[in-house]
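Asker: What follows is entry_13.txt, compact mmCIF, C-alpha atoms.
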# COMPACT_ATOMS: atom_id res chain seq x y z
CA MET Z 1 -39.11 4.98 -7.87
CA VAL Z 2 -36.76 7.69 -6.65
CA LYS Z 3 -35.68 10.37 -9.09
CA GLY Z 4 -31.97 10.93 -9.57
CA SER Z 5 -30.24 13.59 -11.60
CA THR Z 6 -28.35 13.80 -14.88
CA SER Z 7 -26.94 17.24 -14.20
CA SER Z 8 -23.96 16.08 -12.15
CA LEU Z 9 -21.43 13.30 -12.67
CA PHE Z 10 -21.79 12.06 -9.10
CA LEU Z 11 -25.56 12.18 -9.10
CA HIS Z 12 -25.53 10.43 -12.48
CA ILE Z 13 -23.74 7.34 -11.12
CA HIS Z 14 -27.16 5.83 -10.48
CA PRO Z 15 -29.75 5.78 -13.30
CA ARG Z 16 -32.41 8.50 -13.29
CA LEU Z 17 -34.95 6.16 -11.77
CA VAL Z 18 -33.99 3.69 -9.05
CA PRO Z 19 -36.28 1.22 -7.28
CA GLU Z 20 -36.62 2.55 -3.74
CA ASN Z 21 -36.19 -0.91 -2.19
CA SER Z 22 -32.84 -1.50 -3.84
CA LEU Z 23 -31.45 1.67 -2.22
CA ARG Z 24 -31.81 0.07 1.21
CA LEU Z 25 -28.34 -0.19 2.76
CA SER Z 26 -29.20 -3.52 4.36
CA PHE Z 27 -29.89 -4.95 0.89
CA THR Z 28 -26.68 -4.13 -1.00
CA PHE Z 29 -24.41 -3.03 1.88
CA CYS Z 30 -22.73 -0.91 -0.85
CA PHE Z 31 -20.19 -3.73 -1.40
CA GLY Z 32 -20.08 -3.25 -5.18
CA GLY Z 33 -19.68 0.51 -4.94
CA LEU Z 34 -17.09 0.06 -2.21
CA ALA Z 35 -15.08 -2.28 -4.46
CA VAL Z 36 -15.13 0.31 -7.27
CA PHE Z 37 -14.07 3.08 -4.87
CA LEU Z 38 -11.20 0.94 -3.58
CA PHE Z 39 -10.17 0.09 -7.16
CA PHE Z 40 -9.76 3.77 -8.02
CA LEU Z 41 -7.94 4.37 -4.74
CA GLU Z 42 -5.58 1.56 -5.78
CA VAL Z 43 -5.04 3.17 -9.19
CA ILE Z 44 -4.20 6.58 -7.66
CA THR Z 45 -1.94 5.31 -4.86
CA GLY Z 46 -0.38 2.72 -7.23
CA ALA Z 47 0.45 5.39 -9.82
CA LEU Z 48 2.14 7.45 -7.09
CA LEU Z 49 4.11 4.47 -5.78
CA MET Z 50 5.32 3.82 -9.35
CA LEU Z 51 7.23 7.13 -9.14
CA HIS Z 52 9.72 5.50 -6.75
CA TYR Z 53 9.31 1.72 -7.19
CA GLN Z 54 12.08 -0.02 -9.14
CA PRO Z 55 10.95 -3.29 -10.77
CA SER Z 56 14.27 -5.12 -10.86
CA SER Z 57 15.17 -8.14 -8.78
CA THR Z 58 18.14 -6.35 -7.19
CA ASN Z 59 16.43 -3.01 -6.43
CA ALA Z 60 12.74 -3.84 -5.83
CA TYR Z 61 13.00 -4.66 -2.12
CA GLY Z 62 15.31 -1.72 -1.44
CA SER Z 63 12.99 0.68 -3.28
CA VAL Z 64 10.00 -0.54 -1.23
CA GLN Z 65 12.00 -0.01 1.97
CA ARG Z 66 13.03 3.43 0.71
CA ILE Z 67 9.37 4.30 0.04
CA THR Z 68 8.37 3.03 3.48
CA HIS Z 69 11.15 4.50 5.62
CA ILE Z 70 12.84 7.38 3.82
CA ILE Z 71 10.60 9.11 1.29
CA PRO Z 72 8.19 11.59 2.94
CA TYR Z 73 4.65 10.18 3.24
CA GLY Z 74 5.73 7.03 1.39
CA TRP Z 75 4.54 4.88 4.30
CA VAL Z 76 1.06 6.47 4.09
CA LEU Z 77 0.75 5.71 0.37
CA ARG Z 78 2.13 2.19 0.74
CA ASN Z 79 -0.24 1.39 3.61
CA MET Z 80 -3.19 2.89 1.74
CA HIS Z 81 -2.29 0.81 -1.32
CA TYR Z 82 -1.88 -2.35 0.76
CA TRP Z 83 -5.05 -2.01 2.84
CA ALA Z 84 -7.23 -0.82 -0.06
CA GLY Z 85 -6.04 -3.92 -1.93
CA GLN Z 86 -7.01 -6.23 0.93
CA GLY Z 87 -10.28 -4.33 1.32
CA MET Z 88 -11.04 -4.63 -2.39
CA VAL Z 89 -10.70 -8.44 -2.30
CA ALA Z 90 -13.00 -8.54 0.74
CA ALA Z 91 -15.53 -6.12 -0.83
CA VAL Z 92 -15.71 -8.06 -4.12
CA PHE Z 93 -16.07 -11.37 -2.25
CA LEU Z 94 -18.80 -10.00 0.05
CA HIS Z 95 -20.55 -8.43 -2.96
CA MET Z 96 -20.69 -11.88 -4.61
CA ILE Z 97 -22.03 -13.47 -1.43
CA ARG Z 98 -24.75 -10.77 -1.31
CA VAL Z 99 -25.66 -11.33 -4.97
CA PHE Z 100 -25.80 -15.09 -4.40
CA TRP Z 101 -27.79 -14.74 -1.15
CA THR Z 102 -30.42 -12.54 -2.80
CA ARG Z 103 -30.54 -14.72 -5.95
CA SER Z 104 -29.65 -11.69 -8.01
CA TYR Z 105 -27.59 -13.91 -10.32
CA ASP Z 106 -30.82 -15.32 -11.81
CA ALA Z 107 -32.10 -14.43 -15.31
CA PRO Z 108 -31.76 -11.90 -16.85
CA ARG Z 109 -28.50 -11.31 -14.96
CA ARG Z 110 -26.77 -14.63 -15.67
CA LEU Z 111 -24.09 -13.21 -17.98
CA ASN Z 112 -23.36 -10.42 -15.50
CA TRP Z 113 -22.87 -13.05 -12.75
CA VAL Z 114 -20.22 -14.69 -14.94
CA VAL Z 115 -18.59 -11.30 -15.57
CA GLY Z 116 -18.58 -10.85 -11.79
CA ILE Z 117 -16.80 -14.19 -11.30
CA VAL Z 118 -14.09 -13.12 -13.77
CA LEU Z 119 -13.81 -9.79 -11.92
CA LEU Z 120 -13.27 -11.70 -8.65
CA ILE Z 121 -10.54 -13.83 -10.26
CA LEU Z 122 -8.83 -10.73 -11.70
CA THR Z 123 -9.05 -9.01 -8.31
CA ALA Z 124 -7.39 -12.01 -6.65
CA LEU Z 125 -4.68 -12.05 -9.34
CA VAL Z 126 -3.93 -8.33 -9.05
CA ASP Z 127 -3.76 -8.79 -5.26
CA PHE Z 128 -1.39 -11.75 -5.60
CA THR Z 129 0.94 -9.97 -8.06
CA GLY Z 130 0.92 -6.96 -5.71
CA TYR Z 131 2.11 -9.25 -2.88
CA LEU Z 132 5.02 -10.27 -5.12
CA MET Z 133 6.07 -6.68 -5.90
CA VAL Z 134 7.88 -6.37 -2.54
CA TRP Z 135 10.24 -9.14 -3.77
CA ASP Z 136 11.26 -10.24 -0.28
CA ASP Z 137 11.65 -13.84 0.88
CA ARG Z 138 7.90 -14.38 1.23
CA ALA Z 139 7.24 -13.00 -2.25
CA LEU Z 140 10.01 -15.09 -3.78
CA TRP Z 141 8.64 -18.29 -2.22
CA ALA Z 142 5.05 -17.43 -3.13
CA TRP Z 143 6.21 -16.91 -6.73
CA THR Z 144 8.18 -20.18 -6.67
CA ILE Z 145 5.28 -22.22 -5.25
CA ALA Z 146 2.65 -20.68 -7.57
CA ARG Z 147 4.93 -21.13 -10.57
CA ASN Z 148 5.60 -24.78 -9.72
CA LEU Z 149 1.87 -25.44 -9.18
CA VAL Z 150 0.98 -24.04 -12.62
CA ASP Z 151 3.97 -25.88 -14.11
CA LEU Z 152 2.48 -29.20 -12.89
CA ILE Z 153 -0.70 -28.83 -14.99
CA PRO Z 154 -0.50 -31.43 -17.77
CA ILE Z 155 0.26 -30.24 -21.32
CA ILE Z 156 -0.46 -26.51 -20.90
CA GLY Z 157 1.35 -26.16 -17.56
CA PRO Z 158 4.95 -25.28 -18.58
CA GLY Z 159 3.82 -22.80 -21.24
CA SER Z 160 1.27 -21.14 -18.94
CA ALA Z 161 3.84 -20.87 -16.13
CA ALA Z 162 6.31 -19.19 -18.51
CA ILE Z 163 3.66 -16.71 -19.69
CA LEU Z 164 2.22 -15.92 -16.26
CA PHE Z 165 5.33 -15.98 -14.07
CA GLY Z 166 8.21 -15.37 -16.47
CA PRO Z 167 11.33 -17.51 -16.81
CA ALA Z 168 12.36 -19.54 -13.74
CA SER Z 169 16.05 -18.89 -14.34
CA ASP Z 170 15.94 -15.11 -14.84
CA LEU Z 171 14.45 -13.38 -11.80
CA ASN Z 172 14.83 -9.92 -13.28
CA THR Z 173 12.71 -10.71 -16.33
CA ALA Z 174 10.26 -12.58 -14.11
CA LEU Z 175 9.74 -9.52 -11.87
CA VAL Z 176 9.23 -7.23 -14.89
CA ARG Z 177 6.66 -9.74 -16.16
CA LEU Z 178 4.79 -9.73 -12.84
CA TYR Z 179 5.01 -5.93 -12.72
CA SER Z 180 3.39 -5.69 -16.18
CA TRP Z 181 0.56 -7.95 -15.04
CA HIS Z 182 0.12 -5.95 -11.84
CA VAL Z 183 0.16 -2.40 -13.19
CA VAL Z 184 -1.14 -2.72 -16.75
CA ILE Z 185 -2.74 -5.94 -17.92
CA PHE Z 186 -4.86 -6.96 -14.90
CA PRO Z 187 -6.05 -3.39 -14.10
CA ALA Z 188 -6.91 -2.83 -17.78
CA GLY Z 189 -8.89 -6.08 -17.74
CA LEU Z 190 -10.63 -5.03 -14.54
CA LEU Z 191 -11.51 -1.63 -16.00
CA PHE Z 192 -12.94 -3.13 -19.18
CA LEU Z 193 -14.97 -5.78 -17.35
CA MET Z 194 -16.19 -3.23 -14.77
CA ALA Z 195 -17.53 -1.07 -17.62
CA LEU Z 196 -19.23 -4.15 -19.09
CA HIS Z 197 -20.55 -5.08 -15.64
CA PHE Z 198 -22.15 -1.65 -15.06
CA TRP Z 199 -23.52 -1.44 -18.59
CA LYS Z 200 -25.10 -4.89 -18.16
CA ILE Z 201 -26.68 -3.80 -14.85
CA ARG Z 202 -28.55 -1.04 -16.72
CA LYS Z 203 -29.31 -3.32 -19.69
CA ASP Z 204 -30.71 -6.03 -17.41
CA GLY Z 205 -33.18 -3.61 -15.85
CA GLY Z 206 -31.21 -1.87 -13.12
CA ILE Z 207 -29.93 -3.34 -9.87
CA SER Z 208 -31.90 -6.22 -8.46
CA VAL Z 209 -34.69 -5.64 -5.96
CA PRO Z 210 -35.16 -7.64 -2.75
CA LEU Z 211 -37.04 -10.89 -3.24
CA MET S 1 -24.68 44.07 8.21
CA GLN S 2 -26.66 41.23 6.71
CA LYS S 3 -27.15 38.23 9.00
CA MET S 4 -25.51 35.03 7.77
CA GLY S 5 -27.84 32.04 7.36
CA LYS S 6 -27.04 28.55 8.66
CA ARG S 7 -26.74 27.15 5.12
CA SER S 8 -24.29 29.78 3.86
CA PHE S 9 -22.26 29.52 7.07
CA LEU S 10 -21.88 25.74 6.60
CA LYS S 11 -21.00 26.30 2.92
CA ILE S 12 -18.17 28.66 3.86
CA ILE S 13 -16.86 26.32 6.58
CA LEU S 14 -17.01 23.35 4.18
CA SER S 15 -15.18 25.33 1.47
CA ILE S 16 -12.42 26.34 3.91
CA VAL S 17 -12.00 22.74 5.11
CA THR S 18 -11.94 21.47 1.50
CA VAL S 19 -9.29 24.03 0.48
CA LEU S 20 -7.17 23.23 3.56
CA LEU S 21 -7.40 19.46 3.02
CA THR S 22 -6.64 19.77 -0.70
CA GLY S 23 -3.64 21.95 0.10
CA MET S 24 -2.32 19.51 2.73
CA VAL S 25 -2.72 16.47 0.49
CA SER S 26 -1.15 18.29 -2.51
CA TRP S 27 1.80 19.40 -0.36
CA ALA S 28 2.35 15.85 0.94
CA LEU S 29 2.11 14.37 -2.57
CA ALA S 30 4.49 17.00 -3.96
CA ARG S 31 7.03 16.13 -1.25
CA PHE S 32 6.63 12.43 -2.03
CA ALA S 33 6.95 12.88 -5.79
CA SER S 34 9.85 15.35 -5.70
CA PHE S 35 12.02 13.38 -3.28
CA SER S 36 15.47 12.47 -4.51
CA ASP S 37 18.58 11.22 -2.73
CA GLU S 38 20.69 14.05 -4.17
CA LYS S 39 18.56 16.58 -2.31
CA SER S 40 18.48 14.71 0.99
CA LYS S 41 21.83 15.77 2.43
CA SER S 42 20.54 14.83 5.89
CA ARG S 43 21.03 11.19 4.94
CA GLU S 44 24.76 11.77 5.02
CA ILE S 45 26.78 11.34 8.22
CA PRO S 46 30.05 13.22 8.76
CA LYS S 47 33.12 11.00 9.04
CA THR S 48 34.11 12.68 12.33
CA ILE S 49 30.96 11.35 13.98
CA ILE S 50 31.56 7.82 12.74
CA ASP S 51 35.20 7.97 13.94
CA GLN S 52 34.20 9.13 17.43
CA LEU S 53 31.69 6.32 18.02
CA GLN S 54 32.50 4.15 21.01
CA SER S 55 31.45 0.56 21.34
CA GLY S 56 28.53 0.13 23.76
CA THR S 57 27.51 3.81 23.65
CA PRO S 58 24.93 4.57 20.95
CA TYR S 59 25.00 8.03 19.42
CA HIS S 60 21.85 9.85 18.30
CA TYR S 61 22.44 11.70 15.02
CA ALA S 62 19.29 13.85 14.89
CA PRO S 63 19.75 15.46 11.42
CA ALA S 64 19.37 12.01 9.84
CA GLY S 65 16.93 10.66 12.42
CA VAL S 66 19.10 7.68 13.35
CA TRP S 67 20.92 6.00 16.22
CA LEU S 68 24.48 4.88 15.43
CA VAL S 69 25.87 1.88 17.31
CA ARG S 70 29.44 0.63 16.98
CA GLU S 71 29.38 -3.12 17.38
CA ALA S 72 31.61 -4.53 20.11
CA GLU S 73 35.10 -5.49 18.93
CA LYS S 74 34.11 -4.91 15.30
CA PRO S 75 34.62 -1.97 12.94
CA ASP S 76 30.98 -2.19 11.74
CA VAL S 77 28.46 0.50 12.63
CA SER S 78 24.75 -0.33 12.91
CA VAL S 79 22.25 2.35 11.92
CA PHE S 80 18.77 2.29 13.49
CA ASP S 81 15.79 4.41 12.50
CA ASP S 82 15.17 6.51 15.63
CA ARG S 83 11.39 5.96 15.46
CA CYS S 84 9.86 3.19 17.53
CA PRO S 85 8.43 0.42 15.28
CA HIS S 86 5.28 0.47 17.44
CA LEU S 87 3.78 3.90 16.75
CA GLY S 88 6.70 6.04 15.65
CA CYS S 89 7.76 7.89 18.81
CA LYS S 90 11.47 8.71 19.16
CA TYR S 91 13.04 6.30 21.63
CA ASN S 92 15.94 7.13 23.96
CA TRP S 93 19.08 5.37 25.16
CA VAL S 94 19.01 4.59 28.88
CA ALA S 95 22.69 4.32 29.80
CA ASP S 96 22.09 2.81 33.30
CA ARG S 97 20.24 -0.20 31.98
CA LYS S 98 21.94 -0.26 28.55
CA VAL S 99 18.64 -0.39 26.65
CA PHE S 100 16.66 1.79 24.27
CA GLU S 101 13.32 2.81 25.77
CA CYS S 102 10.36 4.43 24.06
CA PRO S 103 8.79 7.27 26.10
CA CYS S 104 5.31 6.73 24.65
CA HIS S 105 4.46 3.11 25.49
CA SER S 106 7.63 1.87 27.22
CA SER S 107 8.78 -0.55 24.55
CA VAL S 108 12.33 -1.64 25.35
CA PHE S 109 15.01 -2.70 22.84
CA ASP S 110 18.52 -4.02 23.45
CA ILE S 111 21.63 -2.42 21.96
CA ASN S 112 21.16 -4.51 18.81
CA GLY S 113 17.65 -3.13 18.32
CA GLN S 114 15.89 -6.36 19.28
CA VAL S 115 12.65 -6.14 21.29
CA LYS S 116 13.06 -6.86 25.01
CA LYS S 117 9.61 -5.64 26.03
CA GLY S 118 6.49 -4.75 24.02
CA PRO S 119 4.10 -3.37 22.86
CA ALA S 120 6.52 -3.12 19.88
CA ASN S 121 6.39 -6.49 18.17
CA ARG S 122 9.42 -6.19 15.91
CA ALA S 123 12.98 -4.98 16.06
CA VAL S 124 13.79 -1.36 15.23
CA THR S 125 14.23 -0.63 11.52
CA ARG S 126 17.83 -0.95 10.39
CA PHE S 127 19.48 1.07 7.66
CA SER S 128 22.63 0.18 5.83
CA LEU S 129 25.65 2.49 5.86
CA SER S 130 27.86 2.87 2.83
CA VAL S 131 30.96 4.96 2.29
CA ASP S 132 31.86 6.40 -1.09
CA GLU S 133 35.27 7.27 -2.54
CA LYS S 134 35.07 10.78 -1.03
CA ASN S 135 34.71 9.27 2.48
CA VAL S 136 31.06 10.38 2.73
CA TYR S 137 28.91 8.04 4.80
CA LYS S 138 25.40 7.58 3.39
CA ILE S 139 22.37 5.88 4.88
CA ALA S 140 20.23 3.67 2.68
CA PRO S 141 17.39 1.23 3.39
CA SER S 142 18.72 -2.13 4.43
CA THR S 143 18.43 -4.75 1.71
CA LYS S 144 18.83 -7.59 4.21
For this file, write the structure as structure tokens.
Answerer:
Amino acid sequence: MVKGSTSSLFLHIHPRLVPENSLRLSFTFCFGGLAVFLFFLEVITGALLMLHYQPSSTNAYGSVQRITHIIPYGWVLRNMHYWAGQGMVAAVFLHMIRVFWTRSYDAPRRLNWVVGIVLLILTALVDFTGYLMVWDDRALWAWTIARNLVDLIPIIGPGSAAILFGPASDLNTALVRLYSWHVVIFPAGLLFLMALHFWKIRKDGGISVPL
Amino acid sequence: MQKMGKRSFLKIILSIVTVLLTGMVSWALARFASFSDEKSKSREIPKTIIDQLQSGTPYHYAPAGVWLVREAEKPDVSVFDDRCPHLGCKYNWVADRKVFECPCHSSVFDINGQVKKGPANRAVTRFSLSVDEKNVYKIAPSTK
């Protein structure tokens, strides 16, 4: 066991005692920690982009172009937000592969594995809604195709499509709906499940050790 | 004078770098957050410049960072961002060959901003030009 510290926030991220083997970089590759770091980078850059983004079907594309080409340093923030988003999806996916590969999903961590699956789904959804925020041709068609796919599900399809994607006939309301998912509901869900995920890691006896 | 140890020297250097970086990032973020169109007068183009534009001869209006091109036999004026879409160098108009050429990596664009030779892989960024009731020409991001 390696002794950590409780005197500093950063040193307290790990529990006071950590199995030495599980600190090996080649075991975890830091994918989980990387995903968390990228999430907070997304929150910070996203909050800054919200200062100039206009979530209306007539102004959204123009405001993204304005951020990218006119507002000072807007292109840096937009690129950081975009690439951290792509990186976060990759980090979460690779983290799951690592957990699966090392059989870390096994008891007593079964519930946390399920929480992890939901986190992956939420990450994909927040990434997808982010893709739609630009509201260009590609976004509009991605929204149309995804909406139609959900709409085709028997019984619950039409209702689910209306809830998730907004009304098909009113693009303005639809974009505000997607914006709410992207900036509030999905990130809030991610934050709550991340807290649960980390708490369960400690409850289940710390991070897994190599087999 | 007391001799400075390696540890305290590194601490001072690290503190200076941290303060400088924090200052730079804060300055950049403040510029981003405080930007408004009302303040950015440089996005306006005097009417005299628009009136003097000649078809086939692009004009570089440096205060706004744009090239202005009057389209042949049309009253419309195209506005191009003067930064190369490859890595952001300012490209020039080469009158002999009637092309825009980037001095950094030799990307070449035609008078309509389309790529003729890489490494740029997309056309130059276009802005839209609007005129208000006071005859002030303003540049805005293209919504096309």
Asker: Enumerate, in order of chain and increasing residue number, the residues of chain Z with an atom no farther than 7 Å from chain S, each with its shortest atom pair and distance in Å to one decimal, counting all atoms listed in the file, as a tab-separated table.
Answerer:
residue	atom	partner	partner_atom	distance
Z:Leu51	CA	S:Ala33	CA	6.7
Z:Tyr61	CA	S:Thr143	CA	6.6
Z:Gly62	CA	S:Thr143	CA	5.4
Z:Gln65	CA	S:Pro141	CA	5.7
Z:Arg66	CA	S:Pro141	CA	5.6
Z:Ile71	CA	S:Phe32	CA	6.1
Z:Pro72	CA	S:Phe32	CA	5.3
Z:Tyr73	CA	S:Phe32	CA	6.1
Z:Gly74	CA	S:Phe32	CA	6.5
Asker: Which protein, DNA or RNA residues have an atom at most 10 Å from (-23.4, -11.9, -1.0), counting all atoms listed in the file? List them as a PyMOL selection string.
Answerer: chain Z and resi 27-29+31+91-104
Asker: For Leu77 in chain Z, work out the shell of residues within 10 Å, counting all atoms listed in the file and skipping chain neighbours fewer than 3 positions away, then give it as a VMD selection string.
Answerer: (chain Z and resid 42 44 to 46 48 to 49 67 to 68 72 to 74 80 to 83) or (chain S and resid 29 32)
Asker: What would range 65-86 of chain S look like with N, CA and C atoms restored, written as an mmCIF file, keeping the file's coordinate frame?
Answerer:
data_model
loop_
_atom_site.group_PDB
_atom_site.id
_atom_site.type_symbol
_atom_site.label_atom_id
_atom_site.label_comp_id
_atom_site.auth_asym_id
_atom_site.auth_seq_id
_atom_site.Cartn_x
_atom_site.Cartn_y
_atom_site.Cartn_z
ATOM 1 N N GLY S 65 17.965 11.447 11.734
ATOM 2 C CA GLY S 65 16.930 10.660 12.420
ATOM 3 C C GLY S 65 17.347 9.232 12.680
ATOM 4 N N VAL S 66 18.607 9.054 13.131
ATOM 5 C CA VAL S 66 19.100 7.680 13.350
ATOM 6 C C VAL S 66 19.904 7.570 14.641
ATOM 7 N N TRP S 67 19.988 6.350 15.147
ATOM 8 C CA TRP S 67 20.920 6.000 16.220
ATOM 9 C C TRP S 67 22.070 5.234 15.572
ATOM 10 N N LEU S 68 23.305 5.576 15.965
ATOM 11 C CA LEU S 68 24.480 4.880 15.430
ATOM 12 C C LEU S 68 25.079 4.046 16.562
ATOM 13 N N VAL S 69 25.332 2.783 16.272
ATOM 14 C CA VAL S 69 25.870 1.880 17.310
ATOM 15 C C VAL S 69 27.101 1.188 16.745
ATOM 16 N N ARG S 70 28.242 1.375 17.406
ATOM 17 C CA ARG S 70 29.440 0.630 16.980
ATOM 18 C C ARG S 70 29.404 -0.739 17.652
ATOM 19 N N GLU S 71 29.481 -1.773 16.823
ATOM 20 C CA GLU S 71 29.380 -3.120 17.380
ATOM 21 C C GLU S 71 30.663 -3.462 18.151
ATOM 22 N N ALA S 72 30.483 -4.204 19.235
ATOM 23 C CA ALA S 72 31.610 -4.530 20.110
ATOM 24 C C ALA S 72 32.694 -5.296 19.358
ATOM 25 N N GLU S 73 33.921 -4.843 19.523
ATOM 26 C CA GLU S 73 35.100 -5.490 18.930
ATOM 27 C C GLU S 73 34.988 -5.699 17.420
ATOM 28 N N LYS S 74 34.244 -4.826 16.763
ATOM 29 C CA LYS S 74 34.110 -4.910 15.300
ATOM 30 C C LYS S 74 34.163 -3.497 14.746
ATOM 31 N N PRO S 75 34.609 -3.330 13.504
ATOM 32 C CA PRO S 75 34.620 -1.970 12.940
ATOM 33 C C PRO S 75 33.241 -1.538 12.429
ATOM 34 N N ASP S 76 32.291 -2.502 12.335
ATOM 35 C CA ASP S 76 30.980 -2.190 11.740
ATOM 36 C C ASP S 76 30.149 -1.247 12.605
ATOM 37 N N VAL S 77 29.375 -0.404 11.928
ATOM 38 C CA VAL S 77 28.460 0.500 12.630
ATOM 39 C C VAL S 77 27.029 0.140 12.220
ATOM 40 N N SER S 78 26.157 -0.074 13.211
ATOM 41 C CA SER S 78 24.750 -0.330 12.910
ATOM 42 C C SER S 78 23.997 0.997 12.921
ATOM 43 N N VAL S 79 23.039 1.129 12.003
ATOM 44 C CA VAL S 79 22.250 2.350 11.920
ATOM 45 C C VAL S 79 20.782 1.991 12.145
ATOM 46 N N PHE S 80 20.181 2.569 13.186
ATOM 47 C CA PHE S 80 18.770 2.290 13.490
ATOM 48 C C PHE S 80 17.930 3.526 13.223
ATOM 49 N N ASP S 81 16.783 3.339 12.611
ATOM 50 C CA ASP S 81 15.790 4.410 12.500
ATOM 51 C C ASP S 81 15.433 4.812 13.940
ATOM 52 N N ASP S 82 15.401 6.130 14.233
ATOM 53 C CA ASP S 82 15.170 6.510 15.630
ATOM 54 C C ASP S 82 13.687 6.534 16.020
ATOM 55 N N ARG S 83 12.815 6.024 15.115
ATOM 56 C CA ARG S 83 11.390 5.960 15.460
ATOM 57 C C ARG S 83 11.043 4.546 15.922
ATOM 58 N N CYS S 84 10.271 4.475 16.988
ATOM 59 C CA CYS S 84 9.860 3.190 17.530
ATOM 60 C C CYS S 84 8.994 2.448 16.499
ATOM 61 N N PRO S 85 9.242 1.150 16.268
ATOM 62 C CA PRO S 85 8.430 0.420 15.280
ATOM 63 C C PRO S 85 6.974 0.228 15.712
ATOM 64 N N HIS S 86 6.666 0.603 16.985
ATOM 65 C CA HIS S 86 5.280 0.470 17.440
ATOM 66 C C HIS S 86 4.422 1.577 16.835
#
